[in-house]
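Let me begin by presenting the structure, written as structure tokens, before commenting on it.
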Amino acid sequence: MMESDIDRILLRHEQIHRRVAELGAEIAKDYGEAEAGLTLLPILSGAMIFVADLIRELPLKMKIALTQISTYPGHATEPSEPRTVMELVGDLRGRHVIIVDDILDSGRTLRRVQEMARRHEPASQRTCVLLRKTAKAPPDIAADYVGFDIDDLFVVGYGLDFGDHYRNYPHIGVLRPEIMP
Ligand code: 5GP
Ligand code: MG
């Protein structure tokens, strides 16, 4: 069973859900009166659960664009150079764009997507992450909306994977050491 692979839970689903609702309210306040339309750009696959919950907290007309980047191929727990699996699909030009990711770690993934989005000439561009590893996040990669600051641990659940597993685990937790290499 999946549950037995988890060593400890860092953030329970209820707590995540409350924070996602707060982020949604913040974004709704910031963009509610905006002239240009809003496009959220989640970075697949890690951000899919987060963005699905976040957009249902937004009482705004909005669009979704997609891109897929792979940073931890297979069973790696140390990041490699990000690989663009799927180029950007969607409508960014002249729109307010919020890039959405599960976690800001070394910042390489967000740097890649921020550059990619900028080339589509959005009206404005911001970044929203559920988690941020404060120990590592570089100062030049800013996140405008942050759910939780966490320690430098490899976490899974709520969209975050290890070897593509555990994305469906509802909480965010740390794996038992014997599961990880
Ligand atoms: P960065 O490019 O900032 O180093 O890493 C960001 C990406 O790596 C995230 O989109 C996420 O997919 C993955 N990542 C970073 N830290 C973790 C972690 O602790 N657990 C998991 N499962 N993925 C992570
Ligand atoms: Mg990712």
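Convention: chains lettered A, B, ... in structure tokens order; per-chain residue numbering from 1; ligands numbered from 1 as shown.
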What lies within 8 Å of Pro42 in chain A using only C-alpha atoms, ignoring chain neighbours under 6 positions off, as an mmCIF file with N, CA, C and O atoms, in the first residue's frame?
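Result saved to out_28.cif:
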```cif
data_model
loop_
_atom_site.group_PDB
_atom_site.id
_atom_site.type_symbol
_atom_site.label_atom_id
_atom_site.label_comp_id
_atom_site.auth_asym_id
_atom_site.auth_seq_id
_atom_site.Cartn_x
_atom_site.Cartn_y
_atom_site.Cartn_z
ATOM 1 N N MET A 48 -0.335 19.578 -11.253
ATOM 2 C CA MET A 48 -1.705 19.344 -11.727
ATOM 3 C C MET A 48 -2.732 19.286 -10.600
ATOM 4 O O MET A 48 -3.853 19.780 -10.761
ATOM 5 N N VAL A 51 -3.074 22.986 -9.167
ATOM 6 C CA VAL A 51 -3.779 23.935 -10.026
ATOM 7 C C VAL A 51 -5.263 23.585 -10.114
ATOM 8 O O VAL A 51 -6.112 24.476 -10.196
ATOM 9 N N ILE A 64 -6.481 28.274 -19.181
ATOM 10 C CA ILE A 64 -5.327 27.479 -18.758
ATOM 11 C C ILE A 64 -4.433 27.239 -19.966
ATOM 12 O O ILE A 64 -4.915 26.879 -21.041
ATOM 13 N N ALA A 65 -3.135 27.463 -19.790
ATOM 14 C CA ALA A 65 -2.133 27.047 -20.770
ATOM 15 C C ALA A 65 -1.334 25.922 -20.108
ATOM 16 O O ALA A 65 -1.411 25.746 -18.892
ATOM 17 N N LEU A 66 -0.586 25.158 -20.886
ATOM 18 C CA LEU A 66 0.140 24.019 -20.315
ATOM 19 C C LEU A 66 1.568 23.957 -20.837
ATOM 20 O O LEU A 66 1.848 24.324 -21.983
ATOM 21 N N THR A 67 2.440 23.454 -19.990
ATOM 22 C CA THR A 67 3.767 23.065 -20.432
ATOM 23 C C THR A 67 4.211 21.914 -19.529
ATOM 24 O O THR A 67 3.683 21.753 -18.434
ATOM 25 N N ILE A 99 2.305 31.661 -13.645
ATOM 26 C CA ILE A 99 2.941 30.350 -13.742
ATOM 27 C C ILE A 99 2.714 29.648 -12.404
ATOM 28 O O ILE A 99 2.897 30.241 -11.346
ATOM 29 N N VAL A 100 2.287 28.380 -12.464
ATOM 30 C CA VAL A 100 1.968 27.643 -11.235
ATOM 31 C C VAL A 100 2.843 26.403 -11.157
ATOM 32 O O VAL A 100 2.858 25.592 -12.091
ATOM 33 N N ASP A 101 3.564 26.250 -10.056
ATOM 34 C CA ASP A 101 4.323 25.006 -9.876
ATOM 35 C C ASP A 101 4.115 24.453 -8.479
ATOM 36 O O ASP A 101 3.681 25.159 -7.570
#
```
List as a JSON list (two decimals) with C-alpha atoms, in the first residue's frame the protein and nucleic acid residues near Ser124 in chain A, meaning an atom at most 8 Å away when only C-alpha atoms are counted, but skip any in the same chain fewer than 3 places from it.
```json
[["chain", "number", "residue", "atom", "x", "y", "z"],
["A", 94, "GLY", "CA", -1.48, 40.20, -23.99],
["A", 95, "ARG", "CA", -2.87, 38.30, -21.01],
["A", 96, "HIS", "CA", -2.00, 38.30, -17.31],
["A", 97, "VAL", "CA", -0.11, 35.07, -16.76]]
```
Would you return as a ChimeraX atom specification the members of chain A that DSSP assigns to strand (DSSP E) on this structure's backbone? /A:6-11,38-44,62-64,66-70,83-89,96-104,124-133,145-150,155-156,172-175
Could you give me, as a PyMOL selection string, every polymer residue with an atom at most 12 Å away from an atom of ligand 2, counting only C-alpha atoms and all ligand atoms? chain A and resi 42-50+67-73+79-80+82-85+99-110+112-113+129-131+156+159-162+164+167
Find, counting only C-alpha atoms and all ligand atoms, the residue in A:Ser4, A:Gln125, A:Gln15, A:Thr77 that gets nearest to ligand 1. A:Thr77
Please determine, counting only C-alpha atoms, which residue among A:Met2, A:Ala25, A:Ala143, A:Val89 has the shortest atom-to-atom distance to Leu58 in chain A.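 Ranked by minimum distance to Leu58 in chain A, first place goes to A:Ala25.
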Of the listed residues A:Arg18, A:Arg93, A:Arg118, A:His75, that which approaches Met180 in chain A most closely, counting only C-alpha atoms: A:His75
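By chain and then residue number, the residues within 10 Å of Glu3 in chain A are Asp7, Arg8, Tyr166, Tyr169 and Leu175 of chain A, counting only C-alpha atoms and disregarding those fewer than 4 positions away in sequence.
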Output N, CA, C and O atoms for every residue in that selection, as a tab-separated table (two decimals), in the first residue's frame.
```tsv
chain	number	residue	atom	x	y	z
A	7	ASP	N	6.95	7.94	5.60
A	7	ASP	CA	7.60	7.99	6.91
A	7	ASP	C	6.86	8.95	7.84
A	7	ASP	O	6.54	8.63	8.98
A	8	ARG	N	6.61	10.16	7.35
A	8	ARG	CA	5.82	11.11	8.14
A	8	ARG	C	5.14	12.13	7.23
A	8	ARG	O	5.61	12.41	6.13
A	166	TYR	N	2.94	8.24	-6.12
A	166	TYR	CA	2.55	9.06	-4.95
A	166	TYR	C	1.90	10.40	-5.29
A	166	TYR	O	1.59	11.17	-4.39
A	169	TYR	N	-1.33	10.71	-3.52
A	169	TYR	CA	-1.37	10.71	-2.05
A	169	TYR	C	-1.91	12.08	-1.61
A	169	TYR	O	-1.37	13.12	-2.02
A	175	LEU	N	9.10	10.16	2.31
A	175	LEU	CA	9.14	8.70	2.16
A	175	LEU	C	10.03	8.05	3.21
A	175	LEU	O	10.98	8.67	3.71
```
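Atom to atom, CA of Leu23 in chain A and CA of Val146 in chain A stand 7.9 Å apart.
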Between atom 3 (O, counted along the ligand's line) of ligand 1 and CA of Thr127 in chain A lies a distance of 12.3 Å
Looking only at the backbone, which of the residues in chain A does DSSP tag as helix (DSSP H, G or I), as a compact mmCIF listing (two decimals) with all heavy atoms, in the first residue's frame?
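Final output, saved to selection.txt:
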```txt
# COMPACT_ATOMS: atom_id res chain seq x y z
N GLU A 3 0.32 4.15 1.55
CA GLU A 3 0.39 4.77 2.88
C GLU A 3 1.60 4.27 3.67
O GLU A 3 2.28 5.04 4.36
CB GLU A 3 -0.92 4.43 3.63
CG GLU A 3 -1.05 5.06 5.00
CD GLU A 3 -1.52 6.52 4.94
OE1 GLU A 3 -2.51 6.79 4.25
OE2 GLU A 3 -0.87 7.35 5.58
N SER A 4 1.91 2.97 3.53
CA SER A 4 2.98 2.39 4.34
C SER A 4 4.37 2.81 3.86
O SER A 4 5.36 2.55 4.54
CB SER A 4 2.85 0.86 4.33
OG SER A 4 2.88 0.41 3.00
N ASP A 5 4.47 3.44 2.69
CA ASP A 5 5.75 3.96 2.21
C ASP A 5 6.09 5.33 2.80
O ASP A 5 7.21 5.82 2.65
CB ASP A 5 5.75 4.11 0.67
CG ASP A 5 5.75 2.76 -0.04
OD1 ASP A 5 5.88 1.73 0.65
OD2 ASP A 5 5.62 2.75 -1.27
N HIS A 13 -3.87 17.16 4.19
CA HIS A 13 -4.69 17.69 3.10
C HIS A 13 -5.57 18.86 3.52
O HIS A 13 -5.70 19.84 2.79
CB HIS A 13 -5.55 16.57 2.49
CG HIS A 13 -6.36 17.07 1.36
ND1 HIS A 13 -7.71 17.31 1.45
CD2 HIS A 13 -6.00 17.46 0.11
CE1 HIS A 13 -8.15 17.79 0.30
NE2 HIS A 13 -7.13 17.88 -0.54
N GLU A 14 -6.13 18.80 4.72
CA GLU A 14 -7.04 19.86 5.18
C GLU A 14 -6.29 21.19 5.29
O GLU A 14 -6.81 22.25 4.94
CB GLU A 14 -7.65 19.52 6.56
CG GLU A 14 -8.36 18.17 6.65
CD GLU A 14 -7.41 16.98 6.70
OE1 GLU A 14 -6.55 16.96 7.60
OE2 GLU A 14 -7.51 16.09 5.83
N GLN A 15 -5.05 21.09 5.78
CA GLN A 15 -4.22 22.29 5.94
C GLN A 15 -3.83 22.86 4.56
O GLN A 15 -3.85 24.07 4.35
CB GLN A 15 -2.96 21.89 6.72
CG GLN A 15 -2.11 23.03 7.18
CD GLN A 15 -0.82 22.54 7.87
OE1 GLN A 15 -0.63 21.33 8.07
NE2 GLN A 15 0.04 23.47 8.23
N ILE A 16 -3.50 21.95 3.64
CA ILE A 16 -3.17 22.37 2.27
C ILE A 16 -4.38 23.06 1.66
O ILE A 16 -4.27 24.14 1.08
CB ILE A 16 -2.75 21.16 1.40
CG1 ILE A 16 -1.52 20.46 1.98
CG2 ILE A 16 -2.51 21.58 -0.04
CD1 ILE A 16 -1.22 19.10 1.36
N HIS A 17 -5.53 22.43 1.85
CA HIS A 17 -6.74 22.97 1.25
C HIS A 17 -7.07 24.37 1.75
O HIS A 17 -7.45 25.25 0.98
CB HIS A 17 -7.92 22.03 1.48
CG HIS A 17 -9.04 22.31 0.54
ND1 HIS A 17 -9.08 21.83 -0.74
CD2 HIS A 17 -10.12 23.13 0.68
CE1 HIS A 17 -10.15 22.30 -1.36
NE2 HIS A 17 -10.79 23.08 -0.51
N ARG A 18 -6.89 24.59 3.06
CA ARG A 18 -7.14 25.92 3.62
C ARG A 18 -6.21 26.96 3.01
O ARG A 18 -6.61 28.07 2.68
CB ARG A 18 -6.94 25.90 5.15
CG ARG A 18 -8.15 25.41 5.93
CD ARG A 18 -8.06 25.82 7.40
NE ARG A 18 -6.89 25.26 8.06
CZ ARG A 18 -6.83 24.03 8.58
NH1 ARG A 18 -7.88 23.24 8.53
NH2 ARG A 18 -5.72 23.60 9.17
N ARG A 19 -4.95 26.58 2.85
CA ARG A 19 -3.96 27.52 2.31
C ARG A 19 -4.22 27.80 0.82
O ARG A 19 -4.07 28.94 0.37
CB ARG A 19 -2.55 26.94 2.52
CG ARG A 19 -1.42 27.86 2.12
CD ARG A 19 -1.33 29.11 3.00
NE ARG A 19 -0.36 30.05 2.47
CZ ARG A 19 -0.62 31.33 2.16
NH1 ARG A 19 -1.83 31.84 2.37
NH2 ARG A 19 0.31 32.10 1.66
N VAL A 20 -4.65 26.77 0.09
CA VAL A 20 -4.96 26.96 -1.33
C VAL A 20 -6.14 27.93 -1.49
O VAL A 20 -6.14 28.79 -2.37
CB VAL A 20 -5.23 25.60 -2.02
CG1 VAL A 20 -5.76 25.78 -3.44
CG2 VAL A 20 -3.96 24.75 -2.05
N ALA A 21 -7.10 27.82 -0.59
CA ALA A 21 -8.25 28.75 -0.62
C ALA A 21 -7.78 30.18 -0.36
O ALA A 21 -8.26 31.13 -1.00
CB ALA A 21 -9.30 28.32 0.41
N GLU A 22 -6.83 30.34 0.56
CA GLU A 22 -6.28 31.69 0.83
C GLU A 22 -5.54 32.23 -0.39
O GLU A 22 -5.69 33.41 -0.74
CB GLU A 22 -5.31 31.65 2.02
CG GLU A 22 -5.99 31.46 3.37
CD GLU A 22 -4.98 31.28 4.52
OE1 GLU A 22 -3.74 31.35 4.29
OE2 GLU A 22 -5.45 31.07 5.66
N LEU A 23 -4.76 31.38 -1.04
CA LEU A 23 -4.03 31.82 -2.24
C LEU A 23 -5.02 32.22 -3.33
O LEU A 23 -4.83 33.22 -4.02
CB LEU A 23 -3.12 30.71 -2.76
CG LEU A 23 -1.88 30.38 -1.92
CD1 LEU A 23 -1.18 29.14 -2.49
CD2 LEU A 23 -0.90 31.55 -1.88
N GLY A 24 -6.09 31.45 -3.47
CA GLY A 24 -7.12 31.75 -4.46
C GLY A 24 -7.76 33.11 -4.19
O GLY A 24 -7.96 33.91 -5.10
N ALA A 25 -8.03 33.37 -2.91
CA ALA A 25 -8.64 34.66 -2.54
C ALA A 25 -7.69 35.81 -2.84
O ALA A 25 -8.11 36.88 -3.32
CB ALA A 25 -9.01 34.64 -1.06
N GLU A 26 -6.40 35.59 -2.58
CA GLU A 26 -5.39 36.62 -2.85
C GLU A 26 -5.31 36.93 -4.35
O GLU A 26 -5.31 38.09 -4.76
CB GLU A 26 -4.02 36.09 -2.38
CG GLU A 26 -3.22 37.01 -1.49
CD GLU A 26 -1.87 36.37 -1.16
OE1 GLU A 26 -1.86 35.39 -0.39
OE2 GLU A 26 -0.86 36.85 -1.68
N ILE A 27 -5.29 35.86 -5.15
CA ILE A 27 -5.20 36.03 -6.60
C ILE A 27 -6.47 36.70 -7.13
O ILE A 27 -6.42 37.60 -7.97
CB ILE A 27 -4.94 34.67 -7.29
CG1 ILE A 27 -3.52 34.19 -6.94
CG2 ILE A 27 -5.13 34.76 -8.80
CD1 ILE A 27 -3.22 32.75 -7.35
N ALA A 28 -7.62 36.29 -6.61
CA ALA A 28 -8.90 36.87 -7.04
C ALA A 28 -8.93 38.37 -6.74
O ALA A 28 -9.41 39.17 -7.55
CB ALA A 28 -10.06 36.16 -6.36
N LYS A 29 -8.38 38.76 -5.58
CA LYS A 29 -8.33 40.18 -5.20
C LYS A 29 -7.41 40.94 -6.15
O LYS A 29 -7.73 42.03 -6.59
CB LYS A 29 -7.84 40.27 -3.75
CG LYS A 29 -7.71 41.70 -3.20
CD LYS A 29 -7.61 41.72 -1.68
CE LYS A 29 -6.31 41.13 -1.15
NZ LYS A 29 -5.11 41.90 -1.46
N ASP A 30 -6.26 40.33 -6.49
CA ASP A 30 -5.27 41.02 -7.32
C ASP A 30 -5.72 41.14 -8.79
O ASP A 30 -5.30 42.06 -9.48
CB ASP A 30 -3.92 40.29 -7.27
CG ASP A 30 -3.27 40.41 -5.90
OD1 ASP A 30 -3.77 41.19 -5.06
OD2 ASP A 30 -2.27 39.71 -5.64
N TYR A 31 -6.51 40.20 -9.28
CA TYR A 31 -6.85 40.18 -10.71
C TYR A 31 -8.32 40.44 -11.00
O TYR A 31 -8.72 40.49 -12.16
CB TYR A 31 -6.42 38.85 -11.34
CG TYR A 31 -4.92 38.69 -11.40
CD1 TYR A 31 -4.22 38.14 -10.33
CD2 TYR A 31 -4.19 39.13 -12.50
CE1 TYR A 31 -2.84 38.00 -10.35
CE2 TYR A 31 -2.81 39.00 -12.54
CZ TYR A 31 -2.13 38.44 -11.46
OH TYR A 31 -0.78 38.32 -11.50
N MET A 48 -0.33 19.58 -11.25
CA MET A 48 -1.71 19.34 -11.73
C MET A 48 -2.73 19.29 -10.60
O MET A 48 -3.85 19.78 -10.76
CB MET A 48 -1.78 18.11 -12.62
CG MET A 48 -1.53 16.82 -11.93
SD MET A 48 -1.59 15.49 -13.16
CE MET A 48 -1.38 14.09 -12.10
N ILE A 49 -2.39 18.71 -9.47
CA ILE A 49 -3.36 18.63 -8.37
C ILE A 49 -3.57 20.02 -7.76
O ILE A 49 -4.70 20.45 -7.52
CB ILE A 49 -2.87 17.65 -7.28
CG1 ILE A 49 -2.49 16.29 -7.88
CG2 ILE A 49 -3.89 17.53 -6.15
CD1 ILE A 49 -3.61 15.35 -8.17
N PHE A 50 -2.45 20.71 -7.54
CA PHE A 50 -2.50 22.06 -6.98
C PHE A 50 -3.33 22.98 -7.86
O PHE A 50 -4.23 23.67 -7.37
CB PHE A 50 -1.06 22.57 -6.81
CG PHE A 50 -0.92 23.98 -6.34
CD1 PHE A 50 -1.78 24.53 -5.38
CD2 PHE A 50 0.11 24.79 -6.84
CE1 PHE A 50 -1.62 25.84 -4.95
CE2 PHE A 50 0.28 26.10 -6.40
CZ PHE A 50 -0.60 26.63 -5.47
N VAL A 51 -3.07 22.99 -9.17
CA VAL A 51 -3.78 23.93 -10.03
C VAL A 51 -5.26 23.59 -10.11
O VAL A 51 -6.11 24.48 -10.20
CB VAL A 51 -3.10 24.05 -11.42
CG1 VAL A 51 -3.50 22.92 -12.35
CG2 VAL A 51 -3.43 25.39 -12.05
N ALA A 52 -5.57 22.31 -10.07
CA ALA A 52 -6.98 21.89 -10.13
C ALA A 52 -7.75 22.43 -8.92
O ALA A 52 -8.89 22.88 -9.05
CB ALA A 52 -7.09 20.37 -10.20
N ASP A 53 -7.12 22.39 -7.75
CA ASP A 53 -7.77 22.93 -6.55
C ASP A 53 -7.78 24.46 -6.58
O ASP A 53 -8.77 25.09 -6.22
CB ASP A 53 -7.06 22.44 -5.28
CG ASP A 53 -7.45 21.01 -4.92
OD1 ASP A 53 -8.44 20.49 -5.50
OD2 ASP A 53 -6.79 20.41 -4.05
N LEU A 54 -6.66 25.04 -7.02
CA LEU A 54 -6.53 26.50 -6.99
C LEU A 54 -7.56 27.19 -7.90
O LEU A 54 -8.20 28.16 -7.48
CB LEU A 54 -5.10 26.89 -7.42
CG LEU A 54 -4.76 28.38 -7.42
CD1 LEU A 54 -4.79 28.95 -6.00
CD2 LEU A 54 -3.38 28.62 -8.05
N ILE A 55 -7.75 26.68 -9.11
CA ILE A 55 -8.65 27.38 -10.04
C ILE A 55 -10.10 27.30 -9.59
O ILE A 55 -10.89 28.19 -9.91
CB ILE A 55 -8.52 26.89 -11.51
CG1 ILE A 55 -8.84 25.41 -11.65
CG2 ILE A 55 -7.14 27.22 -12.05
CD1 ILE A 55 -8.83 24.92 -13.11
N ARG A 108 15.61 26.15 -11.21
CA ARG A 108 15.94 25.97 -12.64
C ARG A 108 14.71 25.77 -13.50
O ARG A 108 14.62 26.27 -14.62
CB ARG A 108 16.90 24.80 -12.82
CG ARG A 108 18.33 25.19 -12.49
CD ARG A 108 19.26 24.06 -12.74
NE ARG A 108 19.14 23.08 -11.66
CZ ARG A 108 20.06 22.16 -11.40
NH1 ARG A 108 21.13 22.06 -12.15
NH2 ARG A 108 19.89 21.32 -10.41
N THR A 109 13.72 25.04 -12.96
CA THR A 109 12.49 24.81 -13.71
C THR A 109 11.75 26.12 -13.95
O THR A 109 11.32 26.41 -15.07
CB THR A 109 11.58 23.83 -12.94
OG1 THR A 109 12.30 22.63 -12.70
CG2 THR A 109 10.32 23.51 -13.71
N LEU A 110 11.60 26.90 -12.89
CA LEU A 110 10.87 28.16 -13.04
C LEU A 110 11.60 29.14 -13.93
O LEU A 110 10.99 29.86 -14.70
CB LEU A 110 10.59 28.77 -11.66
CG LEU A 110 9.38 28.17 -10.96
CD1 LEU A 110 9.25 28.70 -9.55
CD2 LEU A 110 8.10 28.47 -11.75
N ARG A 111 12.93 29.14 -13.85
CA ARG A 111 13.70 30.04 -14.73
C ARG A 111 13.40 29.70 -16.19
O ARG A 111 13.13 30.57 -17.00
CB ARG A 111 15.19 29.92 -14.43
CG ARG A 111 16.04 30.92 -15.23
CD ARG A 111 17.52 30.85 -14.89
NE ARG A 111 17.84 31.38 -13.58
CZ ARG A 111 18.37 30.69 -12.58
NH1 ARG A 111 18.65 29.41 -12.75
NH2 ARG A 111 18.63 31.25 -11.42
N ARG A 112 13.40 28.40 -16.49
CA ARG A 112 13.12 27.94 -17.85
C ARG A 112 11.73 28.39 -18.30
O ARG A 112 11.55 28.93 -19.40
CB ARG A 112 13.23 26.41 -17.89
CG ARG A 112 12.70 25.72 -19.12
CD ARG A 112 13.59 25.87 -20.32
NE ARG A 112 14.91 25.27 -20.08
CZ ARG A 112 15.23 24.01 -20.35
NH1 ARG A 112 14.32 23.22 -20.91
NH2 ARG A 112 16.42 23.54 -20.11
N VAL A 113 10.73 28.19 -17.44
CA VAL A 113 9.34 28.50 -17.85
C VAL A 113 9.10 30.01 -17.85
O VAL A 113 8.37 30.52 -18.71
CB VAL A 113 8.34 27.75 -16.94
CG1 VAL A 113 6.90 28.13 -17.29
CG2 VAL A 113 8.53 26.25 -17.09
N GLN A 114 9.72 30.73 -16.94
CA GLN A 114 9.56 32.19 -16.94
C GLN A 114 10.11 32.77 -18.26
O GLN A 114 9.48 33.64 -18.87
CB GLN A 114 10.28 32.82 -15.74
CG GLN A 114 9.53 32.59 -14.42
CD GLN A 114 10.25 33.13 -13.19
OE1 GLN A 114 11.40 33.56 -13.28
NE2 GLN A 114 9.59 33.10 -12.05
N GLU A 115 11.25 32.26 -18.71
CA GLU A 115 11.82 32.73 -19.99
C GLU A 115 10.91 32.35 -21.15
O GLU A 115 10.66 33.14 -22.06
CB GLU A 115 13.22 32.12 -20.21
CG GLU A 115 14.29 32.79 -19.36
CD GLU A 115 15.58 31.99 -19.30
OE1 GLU A 115 15.68 30.94 -19.99
OE2 GLU A 115 16.49 32.41 -18.56
N MET A 116 10.40 31.12 -21.11
CA MET A 116 9.51 30.61 -22.16
C MET A 116 8.25 31.47 -22.25
O MET A 116 7.83 31.89 -23.34
CB MET A 116 9.13 29.17 -21.80
CG MET A 116 8.34 28.40 -22.82
SD MET A 116 7.71 26.86 -22.08
CE MET A 116 9.12 25.82 -22.16
N ALA A 117 7.65 31.80 -21.11
CA ALA A 117 6.41 32.58 -21.08
C ALA A 117 6.66 34.00 -21.58
O ALA A 117 5.84 34.55 -22.34
CB ALA A 117 5.84 32.60 -19.66
N ARG A 118 7.78 34.58 -21.18
CA ARG A 118 8.10 35.96 -21.57
C ARG A 118 8.15 36.12 -23.09
O ARG A 118 7.75 37.15 -23.62
CB ARG A 118 9.45 36.37 -20.94
CG ARG A 118 9.46 37.78 -20.40
CD ARG A 118 10.70 38.05 -19.55
NE ARG A 118 10.55 37.63 -18.16
CZ ARG A 118 11.42 36.87 -17.50
NH1 ARG A 118 12.49 36.41 -18.09
NH2 ARG A 118 11.20 36.56 -16.24
```
